[in-house]
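Trainee: Hey, dropping model24.csv in here, CSV, C-alpha atoms:
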```
chain,number,residue,atom,x,y,z
P,1,MET,CA,-35.4,-27.3,21.6
P,2,ILE,CA,-32.2,-25.2,21.9
P,3,GLN,CA,-32.4,-23.3,18.6
P,4,GLN,CA,-35.3,-22.6,16.3
P,5,LEU,CA,-33.6,-21.5,13.1
P,6,ASP,CA,-36.9,-20.9,11.4
P,7,ARG,CA,-37.3,-18.0,13.8
P,8,TYR,CA,-34.1,-16.2,12.6
P,9,ARG,CA,-34.7,-12.8,11.2
P,10,THR,CA,-32.1,-10.2,9.9
P,11,PRO,CA,-32.0,-7.5,12.5
P,12,PRO,CA,-34.2,-4.6,11.4
P,13,ASP,CA,-31.4,-2.0,11.9
P,14,TRP,CA,-28.8,-3.9,9.8
P,15,HIS,CA,-28.3,-3.3,6.0
P,16,PRO,CA,-25.7,-4.7,3.7
P,17,GLY,CA,-24.5,-1.2,3.0
P,18,ALA,CA,-24.9,-1.2,-0.8
P,19,SER,CA,-27.7,-1.3,-3.3
P,20,THR,CA,-29.0,-4.6,-4.6
P,21,LEU,CA,-27.5,-3.8,-8.0
P,22,VAL,CA,-24.0,-3.3,-6.4
P,23,GLN,CA,-24.3,-6.4,-4.3
P,24,THR,CA,-25.3,-8.5,-7.3
P,25,ALA,CA,-22.4,-7.1,-9.4
P,26,TRP,CA,-20.0,-7.9,-6.6
P,27,PHE,CA,-21.2,-11.4,-5.9
P,28,CYS,CA,-21.5,-12.3,-9.6
P,29,LEU,CA,-18.5,-10.6,-11.1
P,30,GLY,CA,-16.2,-8.8,-8.6
P,31,SER,CA,-15.9,-11.5,-5.9
P,32,PRO,CA,-15.1,-14.3,-8.4
P,33,LEU,CA,-12.5,-12.2,-10.2
P,34,LEU,CA,-10.9,-11.2,-6.9
P,35,ALA,CA,-10.6,-14.9,-5.9
P,36,ALA,CA,-9.5,-16.1,-9.3
P,37,ARG,CA,-6.2,-18.1,-9.1
P,38,TRP,CA,-5.8,-18.2,-12.9
P,39,LEU,CA,-5.3,-14.4,-13.1
P,40,PRO,CA,-1.8,-13.3,-12.1
P,41,GLY,CA,-1.0,-10.0,-10.4
P,42,PHE,CA,-2.1,-8.0,-7.4
P,43,GLY,CA,-2.4,-4.4,-8.5
P,44,TRP,CA,-5.6,-5.0,-10.4
P,45,ARG,CA,-7.1,-6.7,-7.4
P,46,ALA,CA,-6.7,-3.5,-5.3
P,47,ARG,CA,-8.3,-1.5,-8.2
P,48,LEU,CA,-11.2,-4.0,-8.3
P,49,LEU,CA,-11.8,-3.6,-4.5
P,50,ARG,CA,-11.7,0.2,-4.8
P,51,LEU,CA,-14.2,0.0,-7.7
P,52,PHE,CA,-16.6,-1.6,-5.2
P,53,GLY,CA,-16.0,0.9,-2.4
P,54,ALA,CA,-13.0,-0.5,-0.5
P,55,ARG,CA,-10.4,2.0,0.7
P,56,ILE,CA,-7.0,0.4,-0.2
P,57,GLY,CA,-3.7,2.2,0.4
P,58,SER,CA,-0.8,2.1,-2.0
P,59,GLY,CA,1.7,-0.7,-2.3
P,60,CYS,CA,-0.6,-3.5,-1.2
P,61,ARG,CA,-0.1,-7.1,-2.3
P,62,ILE,CA,-3.4,-8.8,-2.7
P,63,LYS,CA,-3.0,-12.5,-3.6
P,64,PRO,CA,-5.3,-14.9,-5.5
P,65,GLY,CA,-7.9,-16.7,-3.5
P,66,LEU,CA,-8.8,-13.7,-1.3
P,67,ARG,CA,-12.5,-13.5,-0.3
P,68,VAL,CA,-14.2,-10.3,0.8
P,69,LYS,CA,-17.9,-10.3,1.8
P,70,PHE,CA,-18.6,-6.6,1.4
P,71,PRO,CA,-15.7,-4.4,0.0
P,72,TRP,CA,-17.5,-1.2,0.8
P,73,ARG,CA,-16.9,-2.1,4.5
P,74,LEU,CA,-13.1,-2.6,4.1
P,75,VAL,CA,-10.3,-0.2,4.8
P,76,VAL,CA,-6.7,-1.3,4.1
P,77,GLY,CA,-3.7,0.9,4.8
P,78,HIS,CA,-0.5,1.2,2.8
P,79,ALA,CA,1.9,-1.7,2.1
P,80,CYS,CA,-0.4,-4.4,3.4
P,81,TRP,CA,-0.2,-8.1,2.4
P,82,LEU,CA,-3.4,-10.1,2.0
P,83,ALA,CA,-2.4,-13.7,1.3
P,84,GLU,CA,-4.0,-16.6,-0.4
P,85,ASP,CA,-7.2,-17.9,0.9
P,86,CYS,CA,-7.8,-15.2,3.4
P,87,TRP,CA,-11.5,-14.6,4.1
P,88,ILE,CA,-12.7,-11.2,5.3
P,89,ASP,CA,-16.2,-11.9,6.3
P,90,ASN,CA,-17.1,-8.3,7.0
P,91,LEU,CA,-20.8,-7.9,7.8
P,92,ALA,CA,-19.4,-5.0,10.0
P,93,PRO,CA,-16.3,-2.8,9.2
P,94,VAL,CA,-12.8,-4.2,9.0
P,95,THR,CA,-9.9,-1.8,9.2
P,96,LEU,CA,-6.3,-2.7,8.6
P,97,ALA,CA,-3.7,0.0,9.4
P,98,ASP,CA,-0.4,0.2,7.5
P,99,ARG,CA,1.9,-2.7,6.8
P,100,VAL,CA,-0.5,-5.4,8.2
P,101,CYS,CA,0.1,-8.9,7.0
P,102,LEU,CA,-2.8,-11.4,6.8
P,103,SER,CA,-1.2,-14.8,6.1
P,104,GLN,CA,-2.7,-17.7,4.3
P,105,ALA,CA,-6.3,-18.7,5.2
P,106,ALA,CA,-6.6,-16.1,8.0
P,107,TYR,CA,-10.3,-15.7,8.8
P,108,LEU,CA,-11.7,-12.3,10.0
P,109,CYS,CA,-15.3,-12.8,11.1
P,110,THR,CA,-17.3,-9.8,12.1
P,111,GLY,CA,-20.6,-11.6,12.6
P,112,ASN,CA,-21.8,-14.4,14.8
P,113,HIS,CA,-25.0,-15.7,16.3
P,114,ASP,CA,-26.2,-15.6,19.9
P,115,PHE,CA,-26.1,-19.3,20.8
P,116,ARG,CA,-28.3,-18.5,23.9
P,117,SER,CA,-31.1,-17.1,21.7
P,118,PRO,CA,-33.6,-19.6,20.2
P,119,GLY,CA,-33.9,-17.2,17.3
P,120,PHE,CA,-30.1,-17.3,16.6
P,121,ASP,CA,-29.9,-13.5,16.8
P,122,LEU,CA,-27.1,-11.9,14.8
P,123,ARG,CA,-24.3,-10.3,16.8
P,124,LEU,CA,-21.8,-8.0,15.0
P,125,GLY,CA,-18.5,-6.4,15.9
P,126,PRO,CA,-16.0,-4.5,13.8
P,127,ILE,CA,-12.4,-5.7,13.5
P,128,THR,CA,-9.4,-3.3,13.8
P,129,ILE,CA,-5.8,-4.3,13.2
P,130,GLY,CA,-3.0,-1.9,14.1
P,131,SER,CA,0.0,-1.0,12.0
P,132,ASP,CA,2.8,-3.6,11.6
P,133,ALA,CA,0.6,-6.4,13.0
P,134,TRP,CA,0.9,-9.9,11.6
P,135,ILE,CA,-2.0,-12.3,11.6
P,136,ALA,CA,-0.4,-15.7,10.8
P,137,ALA,CA,-1.8,-18.5,8.7
P,138,ARG,CA,-5.2,-20.0,9.7
P,139,ALA,CA,-5.6,-17.6,12.5
P,140,VAL,CA,-9.2,-16.5,13.4
P,141,LEU,CA,-10.3,-13.1,14.6
P,142,GLY,CA,-13.8,-13.0,16.0
P,143,PRO,CA,-16.3,-10.1,16.0
P,144,GLY,CA,-15.1,-7.0,17.8
P,145,SER,CA,-11.4,-8.1,17.9
P,146,GLN,CA,-8.8,-5.3,18.2
P,147,ILE,CA,-5.2,-6.2,17.4
P,148,GLY,CA,-2.6,-3.7,18.7
P,149,ALA,CA,0.2,-2.3,16.6
P,150,GLY,CA,3.1,-4.6,16.1
P,151,ALA,CA,1.2,-7.6,17.6
P,152,VAL,CA,1.5,-11.2,16.2
P,153,VAL,CA,-1.4,-13.6,16.2
P,154,ALA,CA,0.3,-17.0,15.8
P,155,LEU,CA,-0.5,-19.9,13.5
P,156,GLY,CA,-4.0,-21.1,14.0
P,157,ALA,CA,-4.7,-18.8,17.0
P,158,VAL,CA,-8.2,-17.8,17.8
P,159,VAL,CA,-8.8,-14.2,19.1
P,160,SER,CA,-12.0,-12.9,20.5
P,161,GLY,CA,-11.2,-9.5,22.1
P,162,SER,CA,-8.1,-7.4,22.3
P,163,VAL,CA,-4.5,-8.1,21.8
P,164,PRO,CA,-2.1,-5.5,23.3
P,165,PRO,CA,0.4,-3.7,21.1
P,166,GLY,CA,3.5,-5.8,20.4
P,167,ALA,CA,2.2,-8.9,22.1
P,168,ILE,CA,2.6,-12.4,20.6
P,169,VAL,CA,-0.5,-14.5,21.1
P,170,ARG,CA,-1.2,-18.2,20.3
P,171,GLY,CA,-3.7,-20.9,21.1
P,172,ASN,CA,-7.4,-21.2,21.3
P,173,PRO,CA,-8.3,-19.1,23.1
P,174,ALA,CA,-5.3,-16.9,22.2
P,175,VAL,CA,-3.1,-16.0,25.2
P,176,VAL,CA,0.0,-13.8,25.4
P,177,VAL,CA,3.2,-15.9,25.1
P,178,GLY,CA,5.7,-13.1,24.5
P,179,GLN,CA,6.5,-9.7,23.3
P,180,ARG,CA,7.7,-8.9,19.8
P,181,CYS,CA,11.1,-7.3,19.3
P,182,SER,CA,10.8,-3.6,18.7
P,183,ILE,CA,10.2,-2.8,15.0
```
Reformat the file's structure so that it appears as structure tokens.

Mentor:
Amino acid sequence: MIQQLDRYRTPPDWHPGASTLVQTAWFCLGSPLLAARWLPGFGWRARLLRLFGARIGSGCRIKPGLRVKFPWRLVVGHACWLAEDCWIDNLAPVTLADRVCLSQAAYLCTGNHDFRSPGFDLRLGPITIGSDAWIAARAVLGPGSQIGAGAVVALGAVVSGSVPPGAIVRGNPAVVVGQRCSI
């Protein structure tokens, strides 16, 4: 038997970071409103995230369909774009610097499981994205990823680790294929 899922336990040192009342309010009210496609506009989405503890800079465009696991673990700089169907699965902190673009269906995953552990132990790692970086559509960032300023993670690329500033990466696993023009 490779994995024994009935042996999984939440790590004793991990906590969701908010009270049960706040979590319930987020999952029952805040999260569905944030993702709602039938409600136009993006300014109110930033205010909603702030209400639940996210730190959101000015001038951000937050599109319908965005999913955020725990807004109280999210920091977004000024003038960022968070496109349709992005999923910020932030069991650990996610930090976006200024002018970061997360394109459609980008997935930021801060938690994974140890596939070598029969108990499927949880492994966490924060994600940090530098200023002027672009995470293209359907790209995936794994736990602990660090994206340098001005970097581009191309369409569908899978990053697990660091991307140097200004680098263009693509593929699975993502590899450097070029350098972005100075911005």

Trainee: Which polymer residues have any atom within 7 Å of an atom of region 51-68 of chain P, counting all atoms listed in the file, with same-chain residues fewer than 3 positions away left out, as a PDB file with C-alpha atoms, in the frame of the given file?

Mentor:
```pdb
ATOM      1  CA  SER P  31     -15.900 -11.500  -5.900  1.00  0.00           C
ATOM      2  CA  LEU P  34     -10.900 -11.200  -6.900  1.00  0.00           C
ATOM      3  CA  ALA P  35     -10.600 -14.900  -5.900  1.00  0.00           C
ATOM      4  CA  ALA P  36      -9.500 -16.100  -9.300  1.00  0.00           C
ATOM      5  CA  ARG P  37      -6.200 -18.100  -9.100  1.00  0.00           C
ATOM      6  CA  PHE P  42      -2.100  -8.000  -7.400  1.00  0.00           C
ATOM      7  CA  ARG P  45      -7.100  -6.700  -7.400  1.00  0.00           C
ATOM      8  CA  ALA P  46      -6.700  -3.500  -5.300  1.00  0.00           C
ATOM      9  CA  ARG P  47      -8.300  -1.500  -8.200  1.00  0.00           C
ATOM     10  CA  LEU P  48     -11.200  -4.000  -8.300  1.00  0.00           C
ATOM     11  CA  PRO P  71     -15.700  -4.400   0.000  1.00  0.00           C
ATOM     12  CA  TRP P  72     -17.500  -1.200   0.800  1.00  0.00           C
ATOM     13  CA  ARG P  73     -16.900  -2.100   4.500  1.00  0.00           C
ATOM     14  CA  LEU P  74     -13.100  -2.600   4.100  1.00  0.00           C
ATOM     15  CA  VAL P  75     -10.300  -0.200   4.800  1.00  0.00           C
ATOM     16  CA  VAL P  76      -6.700  -1.300   4.100  1.00  0.00           C
ATOM     17  CA  GLY P  77      -3.700   0.900   4.800  1.00  0.00           C
ATOM     18  CA  HIS P  78      -0.500   1.200   2.800  1.00  0.00           C
ATOM     19  CA  ALA P  79       1.900  -1.700   2.100  1.00  0.00           C
ATOM     20  CA  CYS P  80      -0.400  -4.400   3.400  1.00  0.00           C
ATOM     21  CA  TRP P  81      -0.200  -8.100   2.400  1.00  0.00           C
ATOM     22  CA  LEU P  82      -3.400 -10.100   2.000  1.00  0.00           C
ATOM     23  CA  ALA P  83      -2.400 -13.700   1.300  1.00  0.00           C
ATOM     24  CA  GLU P  84      -4.000 -16.600  -0.400  1.00  0.00           C
ATOM     25  CA  ASP P  85      -7.200 -17.900   0.900  1.00  0.00           C
ATOM     26  CA  CYS P  86      -7.800 -15.200   3.400  1.00  0.00           C
ATOM     27  CA  TRP P  87     -11.500 -14.600   4.100  1.00  0.00           C
ATOM     28  CA  ILE P  88     -12.700 -11.200   5.300  1.00  0.00           C
ATOM     29  CA  ASP P  89     -16.200 -11.900   6.300  1.00  0.00           C
TER      30      ASP P  89
END
```

Trainee: To one decimal place in Å, what is the distance between CA of Ile135 (chain P) and CA of Val163 (chain P)?

Mentor: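 CA of Ile135 (chain P) sits 11.3 Å away from CA of Val163 (chain P).
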
Trainee: Taking all atoms listed in the file into account, name the residue in P:Ala137, P:Leu102, P:Asp132, P:Gly41 that is nearest to Gly150 (chain P).

Mentor: P:Asp132

Trainee: Considering only C-alpha atoms, state which residue in the set P:Ala151, P:Leu122, P:Leu108, P:Ala133 is at the smallest distance from Thr10 (chain P).

Mentor: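 Once distances to Thr10 (chain P) are computed over only C-alpha atoms, the minimum belongs to P:Leu122.
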
Trainee: In Å, with one decimal, what is the gap from CA of His113 (chain P) to CA of Pro11 (chain P)?

Mentor: 11.4 Å

Trainee: One decimal, Å: what's the distance from CA of Arg123 (chain P) over to CA of Pro143 (chain P), could you say?

Mentor: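 Separation of CA of Arg123 (chain P) and CA of Pro143 (chain P): 8.0 Å.
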